[in-house]
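Below is one structure, written out as C-alpha cells; comments come after it.
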Amino acid sequence: MSGTDHGITVTGVTKTFRTWDTADAWSIRRPLRRRRARRAVALADVDLRIERGEFIGLLGQNGAGKSTLIKIMTGLLLPEEGSVRVCGLDPYADRERNAHNMGVTFGQRTQMWWDLPARDSFGILRDIYGLPPTVWRDTLTQLDDVLALSAFWDTPVRFLSLGQRVRCDLAAALLHRPPVLFLDEPTIGLDVLVKDQVRELLTRYATTGDHAIVLTTHDMAEVEALCRRIVVIDRGRIVHDGPREALADVTDAEHTYLVEFETPPPALHLLTADVVSGEGPTVRVRPRPGADRAQVTAELLAAHAVRSVVYEGTRAEDILRTLYGRTARQSPAAAGGGGG
Amino acid sequence: MSPLARPAAPPDRAPRAHRLITLVPRSEWAYRPRIAATGFVIVTQVFLYVLLWRALYRESGDTVVGLDMSQAITYSVLATLMGTGRVILEGASQETAQSKIRDGSVVFWFVRPLAARRYCAWRGLGESLYATLWLLGGLTVGVLCSLVALPPSWSAAAVTVVSYALGQVVFYQISLLVDLTSFWTITSFGVNRLAAFAQLLLSGGLIPLWLFPDWFRSTAGHLPFAATINVPVSLYTGRIPVTASAPYLAEQALWCVLLAMLGRLMWRRAARRLLVLGG
Ligand SMILES: Nc1ncnc2c1ncn2[C@@H]1O[C@H](COP(=O)(O)OP(=O)(O)OP(=O)(O)O)[C@@H](O)[C@H]1O
Ligand SMILES: [Mg+2]
C-alpha cells in the first residue's frame with residue numbers, strides 16, 4: 001500500500017532541455033565542427049501541492065511547460081533539481097508501483113493497440129494491471145454508460161474516428177481506478193456533444209473527493225466548468241496558483257460590458273457606467289468605480305429593451321489573454337542561454 | 001454516488017502479463033489477409049527453391065558441397081519457414097519502438113505497472129510461438145508431400161528443438177536491439193535495413209552458409225545470426241551430427257546471454273532517453 005498520502009507534491013522542480021542549433025549544422029567547410037548546444041529552460045523552480053479531492057486546471061501558452069510538468073509528475077522525465085511525490089512515491093524511481101496509482105492521457109497520443117478492437121485493448125490493460133475480472137467488467141460498464149463506447153468498441157482501433165479513439169483512451173486511463181489523474185489535453189479534437197460526455201465523466205470523478213486531478217487544456221470553457229483551482233504556468237514558472245475566482249484579481253484588467261439593444265438606442269446616459277464605444281444596436285460600456293455588475297445590469301434593463309449583455313474581461317479566456325500579454329511584455333527572453 | 005469513481009487499492013496479485021502472449025497471434029488473426037500473404041510468400045519461396053535445387057543438382061550430380069538434393073530442399077524449406085512469421089518488426093502492426101517513438105505513444109510503455117522490457121518480452125514470446133505454428137504447419141505439410149525429409153534420428157530431432165528454442169531467443173534479442181536503437185536515432189530505418197540484410201544473408205536463411213567460401217562461412221558461423229537459422233536447420237538435416245552439437249548449442253546459449261545483457265543495458269538507457277519526445 002502507498003500510505004495515506006493521496007496527493008501530488010512537486011518541490012523546486014527545474015528542467016532544461018538541450019537543443020542544438022541545426023541551421024548551420026552541416027557546413028561543407030567545417031563538417032566536423034560541433035553543433036552549438038543551448039539549454040532551454042522548460043521548468044524553473046516549480047512548487048505545487050495538489051491534495052486528494054482537488055481538480056486543478058493547468059494553463060499556459062503553447063510551449064509554457066505544461067506537458068513537461070506532466071511528464072515529470074508521471075515519472076517520464078527526471079527533473080534536474082527538485083523532487084516529485086505522487087501518493088508518497090517517487091514516480092521516476094518507483095515507476096511500476098506508481099503506475100497503479102495514476103491514470104494518464106496525452107492529447108493525440110494513444111495507448112490503444114491499433115490492430116485490435118478497442119475492447120481487446122481494455123482486456124490487455126486488465127492483464128497488465130492485474131485487475132480482477134469482475135471489477136474490470138463493472139468499471140468498463142460504468143465508463144460505457146457515460147462515454148458510450150460500446151457503439152464502436154468492437155471495431156479495430158485504427159478504424160475509429162479521432163473522437164472515438166480519444167474516448168477510448170480516456171477510458172483506458174481510468175480502467176484501473178487510479179486515485180490520481182493526469183489529463184494532458186484530453187478533449188483535443190472532440191465535438192461539443194462528446195466534450196459534454198467527457199465533462200460529465202470528469203465531474204463525477206471530481207465530486208467524489210477521492211481523486212487528485214490535473215487537467216491541461218486550451219479550452220477555457222472546460223476549465224471554468226471543471227476546475228476550482230487554476231495554476232497558470234508561463235515559460236516554466238508558475239505565475240498564478242489559486243481559486244478560479246482569484247484569477248480575475250491578478251490582472252486588474254478593466255472589465256467592460258457589451259450590451260446589445262433591440263434597436264439602436266438614442267444617446268445613452270447611465271448613472272452606473274460610461275459609454276466607451278457604440279456601433280448600431282451594440283454599445284460597449286465601462287462600469288463606474290463602485291458600480292457592480294448587478295447595478296449596471298439593473299439600470300440597463302430598467303429603461304431599455306436589451307437583447308443581451310456580455311461581461312467582457314471576466315471570462316478565464318479574457319483574463320488569460322491579459323495575463324499572457326502582460327508576462328510577455330514584462331520579461332522578454334527568459335529562456336535560452338549558452339553552454340552545454 | 002457512482003462506484004465508478006471509487007479509487008481501488010492497487011491489486012496485490014501479480015499482473016497477469018503472460019496473457020500478452022496472445023497479442024501477436026490475435027493481431028495477425030484480426031488481419032487475416034496478412035496471414036494469407038505470409039502463406040503465399042512461404043509457398044512461392046519453397047516452390048522456387050525446389051525448382052532451383054532440382055535444376056542445380058541436375059547439372060552437378062548427386063552431392064554439392066556434401067549435401068544431397070533432399071537435404072538441400074529440406075534445408076531451404078525449413079529455413080524459409082523459420083524466417084517468416086516474425087511479424088513485429090515488419091512494422092505492419094505499428095507495435096515497434098520505432099513507430100511508437102515517432103508518434104509519441106511510446107510514453108505509455110513507461111507509465112504502466114509492467115516494465116517495457118517485460119512487456120516486449122512477453123509479446124515477443126507470443127511472436128515466437130506464432131512463428132513456430134507456421135513452422136510446424138509447414139513442416140507437417142512438407143513431410144506429407146515428401147518434400148521434407150525427417151531428421152536422421154530421434155536425438156537429432158531433440159537437439160534441433162533445443163537449438164530452435166535458443167535460436168528464437170537470439171532472433172528476438174537481435175530484433176529488439178535493432179528496434180531499440182530508434183531511441184537514439186529516432187528512425188532506425190537504416191539500422192533496420194542493415195540488420196535485415198545481415199539476418200537474411202548471415203543466418204543462412206536465404207542460401208545455406210556452406211555454399212559460401214570458407215572464410216565467409218567460418219566468420220558468419222560465429223555471429224549471432226547463424227544461431228537463428230543455420231544451426232537448428234543444420235542439426236535437423238544432419239549436417240551437424242548430434243555428437244558434435246554441443247559447441248554449437250553452447251555458442252547459441254552464449255549469444256542469448258550476451259545479447260540479453262546488452263538488451264538490459266539498452267532498455268535502461270532507453271528509459272532515460274525518453275526526452276527525445278517533444279509535445
Ligand atoms: N524533448 C524536448 N527537447 C527539447 N525541448 C523540448 C522538449 N520537450 C519540450 N521542449 C521545450 O520545452 C518547452 C515546454 O514544452 P511543453 O511541451 O511542456 O509545452 P506545453 O506547455 O505543453 O505547450 P502546448 O500547449 O503547446 O502543449 C517548449 O519550449 C519546448 O520547446
Ligand atoms: Mg502540451
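Every chain in the C-alpha cells has a letter given in the order shown (A, B, ...), and although residue numbers restart at 1 in each chain, ligands are simply numbered from 1 in the order shown.
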- Skip B:Gln45 itself and residues of its chain fewer than 4 positions away, then list as a PyMOL selection string all residues within 10 Å of it, counting only C-alpha atoms. chain B and resi 39-41+49-51+76-77+80-81+206
Selection export as a PDB file, in the first residue's frame, atoms kept: N, CA and C atoms:
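Final output, selection.pdb:
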```pdb
ATOM      1  N   GLY B  39       1.396 -16.934 -45.913  1.00  0.00           N
ATOM      2  CA  GLY B  39       1.300 -18.265 -46.502  1.00  0.00           C
ATOM      3  C   GLY B  39       1.720 -18.259 -47.961  1.00  0.00           C
ATOM      4  N   PHE B  40       1.258 -17.257 -48.677  1.00  0.00           N
ATOM      5  CA  PHE B  40       1.584 -17.152 -50.095  1.00  0.00           C
ATOM      6  C   PHE B  40       3.088 -17.021 -50.307  1.00  0.00           C
ATOM      7  N   VAL B  41       3.698 -16.160 -49.497  1.00  0.00           N
ATOM      8  CA  VAL B  41       5.145 -15.954 -49.614  1.00  0.00           C
ATOM      9  C   VAL B  41       5.885 -17.263 -49.367  1.00  0.00           C
ATOM     10  N   TYR B  49      12.573 -22.522 -54.511  1.00  0.00           N
ATOM     11  CA  TYR B  49      13.740 -23.254 -54.024  1.00  0.00           C
ATOM     12  C   TYR B  49      13.792 -24.652 -54.628  1.00  0.00           C
ATOM     13  N   VAL B  50      12.634 -25.297 -54.665  1.00  0.00           N
ATOM     14  CA  VAL B  50      12.600 -26.655 -55.212  1.00  0.00           C
ATOM     15  C   VAL B  50      13.062 -26.634 -56.667  1.00  0.00           C
ATOM     16  N   LEU B  51      12.521 -25.677 -57.432  1.00  0.00           N
ATOM     17  CA  LEU B  51      12.946 -25.546 -58.825  1.00  0.00           C
ATOM     18  C   LEU B  51      14.444 -25.329 -58.920  1.00  0.00           C
ATOM     19  N   SER B  76      16.172 -25.702 -47.254  1.00  0.00           N
ATOM     20  CA  SER B  76      15.566 -24.457 -47.713  1.00  0.00           C
ATOM     21  C   SER B  76      14.137 -24.293 -47.225  1.00  0.00           C
ATOM     22  N   VAL B  77      13.405 -25.407 -47.192  1.00  0.00           N
ATOM     23  CA  VAL B  77      12.030 -25.309 -46.698  1.00  0.00           C
ATOM     24  C   VAL B  77      12.039 -24.879 -45.236  1.00  0.00           C
ATOM     25  N   THR B  80      13.177 -21.279 -44.798  1.00  0.00           N
ATOM     26  CA  THR B  80      12.107 -20.370 -45.177  1.00  0.00           C
ATOM     27  C   THR B  80      11.067 -20.264 -44.075  1.00  0.00           C
ATOM     28  N   LEU B  81      10.674 -21.410 -43.563  1.00  0.00           N
ATOM     29  CA  LEU B  81       9.653 -21.416 -42.524  1.00  0.00           C
ATOM     30  C   LEU B  81      10.124 -20.696 -41.269  1.00  0.00           C
ATOM     31  N   LEU B 206      18.674 -17.480 -46.520  1.00  0.00           N
ATOM     32  CA  LEU B 206      18.463 -17.343 -47.957  1.00  0.00           C
ATOM     33  C   LEU B 206      19.230 -18.442 -48.709  1.00  0.00           C
TER      34      LEU B 206
END
```
- Once you count only C-alpha atoms and all ligand atoms, which residues end up within 10 Å of ligand 1, and could you hand them over as an MDAnalysis selection string? (chainID A and resid 15:20 38:43 58:72 77 106:107 184:185 216:218 233:236 335:336) or (chainID B and resid 273:279)
- Just the residues within 10 Å of stretch 60-74 of chain B, please, counting only C-alpha atoms, with nothing from its chain fewer than 4 positions along; format it as number ranges by chain. B: 46-47, 49-56, 78-80, 139, 142-143, 146-151, 207-208, 210-212, 233-234, 236-239
Keeping only C-alpha atoms, write those residues as a PDB file, in the first residue's frame.
```
ATOM      1  CA  VAL B  46       9.521 -23.010 -51.287  1.00  0.00           C
ATOM      2  CA  PHE B  47       8.376 -23.638 -54.857  1.00  0.00           C
ATOM      3  CA  TYR B  49      13.740 -23.254 -54.024  1.00  0.00           C
ATOM      4  CA  VAL B  50      12.600 -26.655 -55.212  1.00  0.00           C
ATOM      5  CA  LEU B  51      12.946 -25.546 -58.825  1.00  0.00           C
ATOM      6  CA  LEU B  52      16.340 -24.059 -58.117  1.00  0.00           C
ATOM      7  CA  TRP B  53      17.782 -27.084 -56.319  1.00  0.00           C
ATOM      8  CA  ARG B  54      16.390 -29.528 -58.876  1.00  0.00           C
ATOM      9  CA  ALA B  55      17.999 -27.567 -61.701  1.00  0.00           C
ATOM     10  CA  LEU B  56      21.250 -27.283 -59.796  1.00  0.00           C
ATOM     11  CA  LEU B  78      12.937 -25.193 -43.015  1.00  0.00           C
ATOM     12  CA  ALA B  79      14.986 -22.034 -43.371  1.00  0.00           C
ATOM     13  CA  THR B  80      12.107 -20.370 -45.177  1.00  0.00           C
ATOM     14  CA  LEU B 139       6.832 -28.989 -41.678  1.00  0.00           C
ATOM     15  CA  GLY B 142       6.283 -30.698 -46.256  1.00  0.00           C
ATOM     16  CA  VAL B 143       6.754 -34.147 -44.751  1.00  0.00           C
ATOM     17  CA  SER B 146       7.666 -35.888 -49.009  1.00  0.00           C
ATOM     18  CA  LEU B 147       9.344 -32.609 -49.796  1.00  0.00           C
ATOM     19  CA  VAL B 148      10.979 -32.513 -46.397  1.00  0.00           C
ATOM     20  CA  ALA B 149      12.990 -35.399 -45.009  1.00  0.00           C
ATOM     21  CA  LEU B 150      12.637 -36.350 -41.355  1.00  0.00           C
ATOM     22  CA  PRO B 151      15.625 -35.773 -39.095  1.00  0.00           C
ATOM     23  CA  ILE B 207      21.384 -19.506 -49.044  1.00  0.00           C
ATOM     24  CA  PRO B 208      22.966 -22.257 -46.913  1.00  0.00           C
ATOM     25  CA  TRP B 210      28.252 -23.793 -46.600  1.00  0.00           C
ATOM     26  CA  LEU B 211      27.811 -22.643 -50.183  1.00  0.00           C
ATOM     27  CA  PHE B 212      29.909 -19.591 -49.325  1.00  0.00           C
ATOM     28  CA  VAL B 233      18.441 -26.395 -39.591  1.00  0.00           C
ATOM     29  CA  SER B 234      21.889 -27.956 -39.877  1.00  0.00           C
ATOM     30  CA  TYR B 236      17.774 -31.124 -38.375  1.00  0.00           C
ATOM     31  CA  THR B 237      19.254 -32.119 -41.705  1.00  0.00           C
ATOM     32  CA  GLY B 238      22.110 -33.951 -40.022  1.00  0.00           C
ATOM     33  CA  ARG B 239      24.688 -31.612 -41.444  1.00  0.00           C
TER      34      ARG B 239
END
```
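Within stretch 113-151 of chain B, DSSP run on the backbone puts these residues in helix (DSSP H, G or I): B:Ala116, B:Arg117, B:Arg118, B:Tyr119, B:Cys120, B:Ala121, B:Trp122, B:Arg123, B:Gly124, B:Leu125, B:Gly126, B:Glu127, B:Ser128, B:Leu129, B:Tyr130, B:Ala131, B:Thr132, B:Leu133, B:Trp134, B:Leu135, B:Leu136, B:Gly137, B:Gly138, B:Leu139, B:Thr140, B:Val141, B:Gly142, B:Val143, B:Leu144.
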I need the chosen residues saved as a tab-separated table (two decimals), in the first residue's frame, with C-alpha atoms.
```
chain	number	residue	atom	x	y	z
B	116	ALA	CA	8.50	-2.08	-21.06
B	117	ARG	CA	11.22	-4.71	-21.17
B	118	ARG	CA	8.89	-7.37	-19.81
B	119	TYR	CA	6.03	-6.21	-21.96
B	120	CYS	CA	8.14	-6.65	-25.08
B	121	ALA	CA	9.48	-9.98	-23.87
B	122	TRP	CA	6.00	-11.46	-23.34
B	123	ARG	CA	4.87	-10.13	-26.65
B	124	GLY	CA	8.00	-11.49	-28.32
B	125	LEU	CA	7.37	-14.90	-26.80
B	126	GLY	CA	3.93	-14.82	-28.39
B	127	GLU	CA	5.50	-13.87	-31.68
B	128	SER	CA	7.88	-16.81	-31.43
B	129	LEU	CA	5.06	-19.20	-30.71
B	130	TYR	CA	3.14	-17.81	-33.64
B	131	ALA	CA	6.18	-18.29	-35.88
B	132	THR	CA	6.56	-21.82	-34.51
B	133	LEU	CA	2.99	-22.60	-35.54
B	134	TRP	CA	3.93	-21.69	-39.10
B	135	LEU	CA	7.00	-23.88	-38.83
B	136	LEU	CA	5.12	-26.89	-37.51
B	137	GLY	CA	2.31	-26.48	-40.01
B	138	GLY	CA	4.72	-26.11	-42.90
B	139	LEU	CA	6.83	-28.99	-41.68
B	140	THR	CA	3.83	-31.29	-41.49
B	141	VAL	CA	2.71	-30.38	-44.99
B	142	GLY	CA	6.28	-30.70	-46.26
B	143	VAL	CA	6.75	-34.15	-44.75
B	144	LEU	CA	3.37	-35.31	-46.06
```
Residues of chain A were defined as contacting chain B if any atom lay at most 9 Å from it, counting only C-alpha atoms; please report them as a tab-separated table (two decimals) with N, CA, C and O atoms, in the first residue's frame.
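part-v1.tsv, freshly written:
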```tsv
chain	number	residue	atom	x	y	z
A	1	MET	N	0.83	-1.21	0.00
A	1	MET	CA	0.00	0.00	0.00
A	1	MET	C	0.86	1.25	0.00
A	1	MET	O	2.00	1.26	0.41
A	2	SER	N	0.29	2.33	-0.45
A	2	SER	CA	1.09	3.51	-0.66
A	2	SER	C	0.95	4.51	0.48
A	2	SER	O	1.25	5.67	0.33
A	17	PHE	N	16.07	21.61	-21.31
A	17	PHE	CA	16.28	20.72	-22.44
A	17	PHE	C	17.48	21.21	-23.22
A	17	PHE	O	17.65	22.41	-23.42
A	63	GLY	N	3.94	25.86	-25.35
A	63	GLY	CA	5.36	25.87	-25.01
A	63	GLY	C	5.67	26.39	-23.63
A	63	GLY	O	6.83	26.60	-23.28
A	67	SER	N	3.11	20.33	-20.53
A	67	SER	CA	3.34	18.90	-20.79
A	67	SER	C	4.61	18.42	-20.11
A	67	SER	O	4.66	17.29	-19.62
A	68	THR	N	5.62	19.27	-20.07
A	68	THR	CA	6.85	18.89	-19.40
A	68	THR	C	6.58	18.61	-17.93
A	68	THR	O	7.06	17.63	-17.37
A	74	THR	N	4.49	12.36	-13.99
A	74	THR	CA	4.16	10.97	-14.28
A	74	THR	C	5.41	10.08	-14.31
A	74	THR	O	5.31	8.90	-14.59
A	75	GLY	N	6.58	10.66	-14.03
A	75	GLY	CA	7.79	9.86	-13.96
A	75	GLY	C	8.41	9.55	-15.30
A	75	GLY	O	9.28	8.70	-15.40
A	76	LEU	N	7.98	10.24	-16.34
A	76	LEU	CA	8.58	10.00	-17.65
A	76	LEU	C	9.90	10.74	-17.79
A	76	LEU	O	10.80	10.29	-18.49
A	77	LEU	N	9.99	11.87	-17.13
A	77	LEU	CA	11.24	12.64	-17.16
A	77	LEU	C	11.74	12.81	-15.74
A	77	LEU	O	10.95	12.86	-14.79
A	78	LEU	N	13.04	12.91	-15.63
A	78	LEU	CA	13.65	13.15	-14.33
A	78	LEU	C	14.04	14.63	-14.26
A	78	LEU	O	14.74	15.11	-15.14
A	95	ARG	N	8.57	3.63	-10.78
A	95	ARG	CA	7.66	3.67	-11.90
A	95	ARG	C	6.53	2.66	-11.83
A	95	ARG	O	5.36	2.99	-11.96
A	96	GLU	N	6.89	1.41	-11.63
A	96	GLU	CA	5.87	0.39	-11.77
A	96	GLU	C	4.85	0.41	-10.64
A	96	GLU	O	3.67	0.23	-10.87
A	97	ARG	N	5.32	0.69	-9.43
A	97	ARG	CA	4.38	0.75	-8.32
A	97	ARG	C	3.49	1.98	-8.48
A	97	ARG	O	2.29	1.95	-8.25
A	98	ASN	N	4.13	3.07	-8.88
A	98	ASN	CA	3.39	4.31	-9.05
A	98	ASN	C	2.31	4.20	-10.11
A	98	ASN	O	1.27	4.83	-10.04
A	99	ALA	N	2.58	3.36	-11.12
A	99	ALA	CA	1.64	3.25	-12.24
A	99	ALA	C	0.26	2.81	-11.80
A	99	ALA	O	-0.74	3.18	-12.41
A	100	HIS	N	0.17	2.04	-10.72
A	100	HIS	CA	-1.14	1.62	-10.24
A	100	HIS	C	-1.95	2.81	-9.73
A	100	HIS	O	-3.18	2.76	-9.70
A	101	ASN	N	-1.25	3.84	-9.30
A	101	ASN	CA	-1.94	4.97	-8.68
A	101	ASN	C	-2.39	6.04	-9.65
A	101	ASN	O	-3.12	6.94	-9.27
A	102	MET	N	-1.88	5.99	-10.87
A	102	MET	CA	-2.20	7.12	-11.73
A	102	MET	C	-2.74	6.68	-13.09
A	102	MET	O	-2.39	5.64	-13.62
A	103	GLY	N	-3.61	7.53	-13.61
A	103	GLY	CA	-4.12	7.35	-14.96
A	103	GLY	C	-3.65	8.52	-15.79
A	103	GLY	O	-3.63	9.65	-15.31
A	104	VAL	N	-3.23	8.25	-17.02
A	104	VAL	CA	-2.63	9.30	-17.84
A	104	VAL	C	-3.24	9.32	-19.24
A	104	VAL	O	-3.44	8.27	-19.85
A	105	THR	N	-3.52	10.50	-19.74
A	105	THR	CA	-3.79	10.64	-21.18
A	105	THR	C	-2.89	11.73	-21.72
A	105	THR	O	-2.59	12.69	-21.03
A	106	PHE	N	-2.46	11.54	-22.95
A	106	PHE	CA	-1.63	12.55	-23.60
A	106	PHE	C	-2.26	12.92	-24.92
A	106	PHE	O	-2.02	12.26	-25.94
A	108	GLN	N	-3.07	13.77	-28.32
A	108	GLN	CA	-3.36	12.97	-29.51
A	108	GLN	C	-2.64	11.63	-29.54
A	108	GLN	O	-2.77	10.89	-30.48
A	109	ARG	N	-1.90	11.31	-28.48
A	109	ARG	CA	-1.24	10.00	-28.47
A	109	ARG	C	-2.19	8.96	-27.93
A	109	ARG	O	-2.96	9.23	-27.03
A	110	THR	N	-2.06	7.78	-28.45
A	110	THR	CA	-2.98	6.74	-27.98
A	110	THR	C	-2.24	5.58	-27.35
A	110	THR	O	-1.11	5.27	-27.72
A	111	GLN	N	-2.86	4.99	-26.36
A	111	GLN	CA	-2.26	3.80	-25.78
A	111	GLN	C	-3.01	2.55	-26.22
A	111	GLN	O	-2.74	1.45	-25.75
A	113	TRP	N	-4.17	-0.50	-28.79
A	113	TRP	CA	-3.47	-1.34	-29.76
A	113	TRP	C	-4.19	-1.22	-31.10
A	113	TRP	O	-5.37	-1.59	-31.21
A	114	TRP	N	-3.48	-0.72	-32.08
A	114	TRP	CA	-4.08	-0.37	-33.36
A	114	TRP	C	-4.84	-1.49	-34.03
A	114	TRP	O	-5.90	-1.29	-34.63
A	115	ASP	N	-4.28	-2.70	-33.96
A	115	ASP	CA	-4.82	-3.79	-34.76
A	115	ASP	C	-6.05	-4.42	-34.14
A	115	ASP	O	-6.79	-5.13	-34.81
A	116	LEU	N	-6.23	-4.20	-32.86
A	116	LEU	CA	-7.26	-4.94	-32.16
A	116	LEU	C	-8.48	-4.07	-31.90
A	116	LEU	O	-8.37	-2.85	-31.83
A	117	PRO	N	-9.64	-4.70	-31.73
A	117	PRO	CA	-10.81	-3.94	-31.31
A	117	PRO	C	-10.52	-3.26	-29.98
A	117	PRO	O	-9.75	-3.78	-29.16
A	124	ILE	N	-6.31	-6.19	-22.51
A	124	ILE	CA	-4.86	-6.25	-22.32
A	124	ILE	C	-4.47	-5.42	-21.10
A	124	ILE	O	-3.65	-5.82	-20.27
A	125	LEU	N	-5.10	-4.25	-20.98
A	125	LEU	CA	-4.80	-3.42	-19.82
A	125	LEU	C	-5.22	-4.12	-18.52
A	125	LEU	O	-4.53	-4.01	-17.51
A	126	ARG	N	-6.32	-4.84	-18.58
A	126	ARG	CA	-6.74	-5.60	-17.41
A	126	ARG	C	-5.63	-6.56	-16.99
A	126	ARG	O	-5.29	-6.67	-15.81
A	127	ASP	N	-5.03	-7.22	-17.99
A	127	ASP	CA	-3.96	-8.17	-17.68
A	127	ASP	C	-2.71	-7.47	-17.18
A	127	ASP	O	-2.03	-7.94	-16.27
A	128	ILE	N	-2.40	-6.34	-17.79
A	128	ILE	CA	-1.19	-5.63	-17.38
A	128	ILE	C	-1.33	-5.09	-15.96
A	128	ILE	O	-0.39	-5.13	-15.17
A	129	TYR	N	-2.52	-4.60	-15.64
A	129	TYR	CA	-2.72	-4.03	-14.30
A	129	TYR	C	-3.14	-5.08	-13.29
A	129	TYR	O	-3.26	-4.79	-12.10
A	130	GLY	N	-3.41	-6.28	-13.75
A	130	GLY	CA	-3.83	-7.34	-12.84
A	130	GLY	C	-5.16	-7.05	-12.18
A	130	GLY	O	-5.34	-7.28	-10.98
A	131	LEU	N	-6.11	-6.52	-12.95
A	131	LEU	CA	-7.42	-6.20	-12.37
A	131	LEU	C	-8.27	-7.46	-12.26
A	131	LEU	O	-8.28	-8.28	-13.18
A	132	PRO	N	-8.98	-7.60	-11.16
A	132	PRO	CA	-9.91	-8.74	-11.06
A	132	PRO	C	-10.99	-8.58	-12.13
A	132	PRO	O	-11.51	-7.48	-12.33
A	138	ASP	N	-17.18	-4.25	-14.31
A	138	ASP	CA	-18.01	-3.18	-13.76
A	138	ASP	C	-17.53	-1.82	-14.21
A	138	ASP	O	-18.31	-0.98	-14.66
A	139	THR	N	-16.22	-1.60	-14.07
A	139	THR	CA	-15.67	-0.30	-14.44
A	139	THR	C	-15.97	0.00	-15.90
A	139	THR	O	-16.38	1.11	-16.26
A	140	LEU	N	-15.78	-1.00	-16.74
A	140	LEU	CA	-15.98	-0.80	-18.16
A	140	LEU	C	-17.44	-0.46	-18.45
A	140	LEU	O	-17.75	0.44	-19.25
A	142	GLN	N	-19.49	0.99	-16.45
A	142	GLN	CA	-19.77	2.35	-15.99
A	142	GLN	C	-19.17	3.39	-16.92
A	142	GLN	O	-19.80	4.42	-17.20
A	143	LEU	N	-17.99	3.12	-17.41
A	143	LEU	CA	-17.38	4.07	-18.35
A	143	LEU	C	-18.21	4.12	-19.64
A	143	LEU	O	-18.42	5.18	-20.22
A	156	PRO	N	-11.70	-2.40	-34.83
A	156	PRO	CA	-10.26	-2.19	-34.60
A	156	PRO	C	-9.96	-0.70	-34.46
A	156	PRO	O	-10.54	0.13	-35.16
A	176	HIS	N	-8.21	1.25	-14.34
A	176	HIS	CA	-7.70	0.65	-13.10
A	176	HIS	C	-8.03	1.52	-11.89
A	176	HIS	O	-7.45	1.33	-10.83
A	177	ARG	N	-8.96	2.44	-12.07
A	177	ARG	CA	-9.46	3.29	-10.99
A	177	ARG	C	-8.35	3.96	-10.20
A	177	ARG	O	-8.25	3.81	-8.98
A	178	PRO	N	-7.53	4.73	-10.89
A	178	PRO	CA	-6.43	5.36	-10.19
A	178	PRO	C	-6.93	6.56	-9.37
A	178	PRO	O	-7.86	7.24	-9.80
A	179	PRO	N	-6.31	6.81	-8.23
A	179	PRO	CA	-6.70	7.98	-7.44
A	179	PRO	C	-6.11	9.29	-7.98
A	179	PRO	O	-6.57	10.35	-7.58
A	180	VAL	N	-5.12	9.19	-8.84
A	180	VAL	CA	-4.50	10.40	-9.39
A	180	VAL	C	-4.64	10.38	-10.91
A	180	VAL	O	-4.38	9.37	-11.55
A	204	ARG	N	-18.04	13.73	-12.39
A	204	ARG	CA	-18.31	12.63	-11.46
A	204	ARG	C	-17.10	12.30	-10.62
A	204	ARG	O	-17.19	12.07	-9.43
A	205	TYR	N	-15.94	12.27	-11.30
A	205	TYR	CA	-14.72	11.97	-10.56
A	205	TYR	C	-14.43	13.07	-9.54
A	205	TYR	O	-14.03	12.79	-8.43
A	206	ALA	N	-14.65	14.30	-9.97
A	206	ALA	CA	-14.31	15.41	-9.08
A	206	ALA	C	-15.19	15.39	-7.84
A	206	ALA	O	-14.73	15.66	-6.73
A	207	THR	N	-16.47	15.05	-8.03
A	207	THR	CA	-17.39	15.16	-6.89
A	207	THR	C	-17.16	14.08	-5.84
A	207	THR	O	-17.66	14.20	-4.74
A	208	THR	N	-16.43	13.03	-6.18
A	208	THR	CA	-16.19	12.02	-5.15
A	208	THR	C	-15.25	12.53	-4.07
A	208	THR	O	-15.30	12.07	-2.95
A	210	ASP	N	-12.23	11.93	-3.97
A	210	ASP	CA	-11.19	10.92	-3.73
A	210	ASP	C	-10.01	11.06	-4.66
A	210	ASP	O	-9.01	10.36	-4.50
A	211	HIS	N	-10.13	11.91	-5.66
A	211	HIS	CA	-9.12	11.95	-6.70
A	211	HIS	C	-8.36	13.27	-6.70
A	211	HIS	O	-8.92	14.30	-6.38
```
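Among the candidates A:Leu183, A:Met220, A:Leu226, A:Leu89, the residue lying nearest to ligand 2 is A:Leu183 (atoms considered: only C-alpha atoms and all ligand atoms).
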- Could you please write out, as a list of chain:residue names, every residue of stretch 46-244 of chain B that DSSP assigns to strand (DSSP E)? B:Thr63, B:Val64, B:Leu67, B:Asp68
Any chance you could export the current selection's N, CA and C atoms as a PDB file, in the first residue's frame?
```
ATOM      1  N   THR B  63      25.862 -34.913 -55.092  1.00  0.00           N
ATOM      2  CA  THR B  63      26.045 -34.050 -53.928  1.00  0.00           C
ATOM      3  C   THR B  63      26.741 -32.761 -54.330  1.00  0.00           C
ATOM      4  N   VAL B  64      26.351 -31.702 -53.675  1.00  0.00           N
ATOM      5  CA  VAL B  64      27.012 -30.414 -53.825  1.00  0.00           C
ATOM      6  C   VAL B  64      27.496 -30.021 -52.437  1.00  0.00           C
ATOM      7  N   LEU B  67      26.186 -32.175 -49.754  1.00  0.00           N
ATOM      8  CA  LEU B  67      24.753 -32.146 -49.451  1.00  0.00           C
ATOM      9  C   LEU B  67      24.009 -32.782 -50.614  1.00  0.00           C
ATOM     10  N   ASP B  68      23.123 -33.736 -50.328  1.00  0.00           N
ATOM     11  CA  ASP B  68      22.351 -34.252 -51.452  1.00  0.00           C
ATOM     12  C   ASP B  68      21.086 -33.425 -51.646  1.00  0.00           C
TER      13      ASP B  68
END
```
- Query: Skipping near chain neighbours, those fewer than 6 positions away, what residues fall within 10 Å of B:Gln199 using only C-alpha atoms, listed as a PyMOL selection string?
  - Reply: chain B and resi 83+171+174-175+193+205-206+224-226+228-229
- Taken to one decimal, the atom CA of A:Thr187-atom CA of A:Leu170 distance is 9.3 Å
- Using only C-alpha atoms, which residues sit within 10 Å of A:Trp153 once same-chain residues fewer than 3 positions away are excluded, as a PyMOL selection string? chain A and resi 116-122+144+148-150+156-157+160+164-165+168
- Which is closer to ligand 2 than all the others in A:Ala172, A:Leu215, A:Arg85, A:Gly123, using only C-alpha atoms and all ligand atoms? A:Leu215
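Of note, atom CA of A:Leu202 and atom CA of A:Met112 are spaced 20.5 Å apart.
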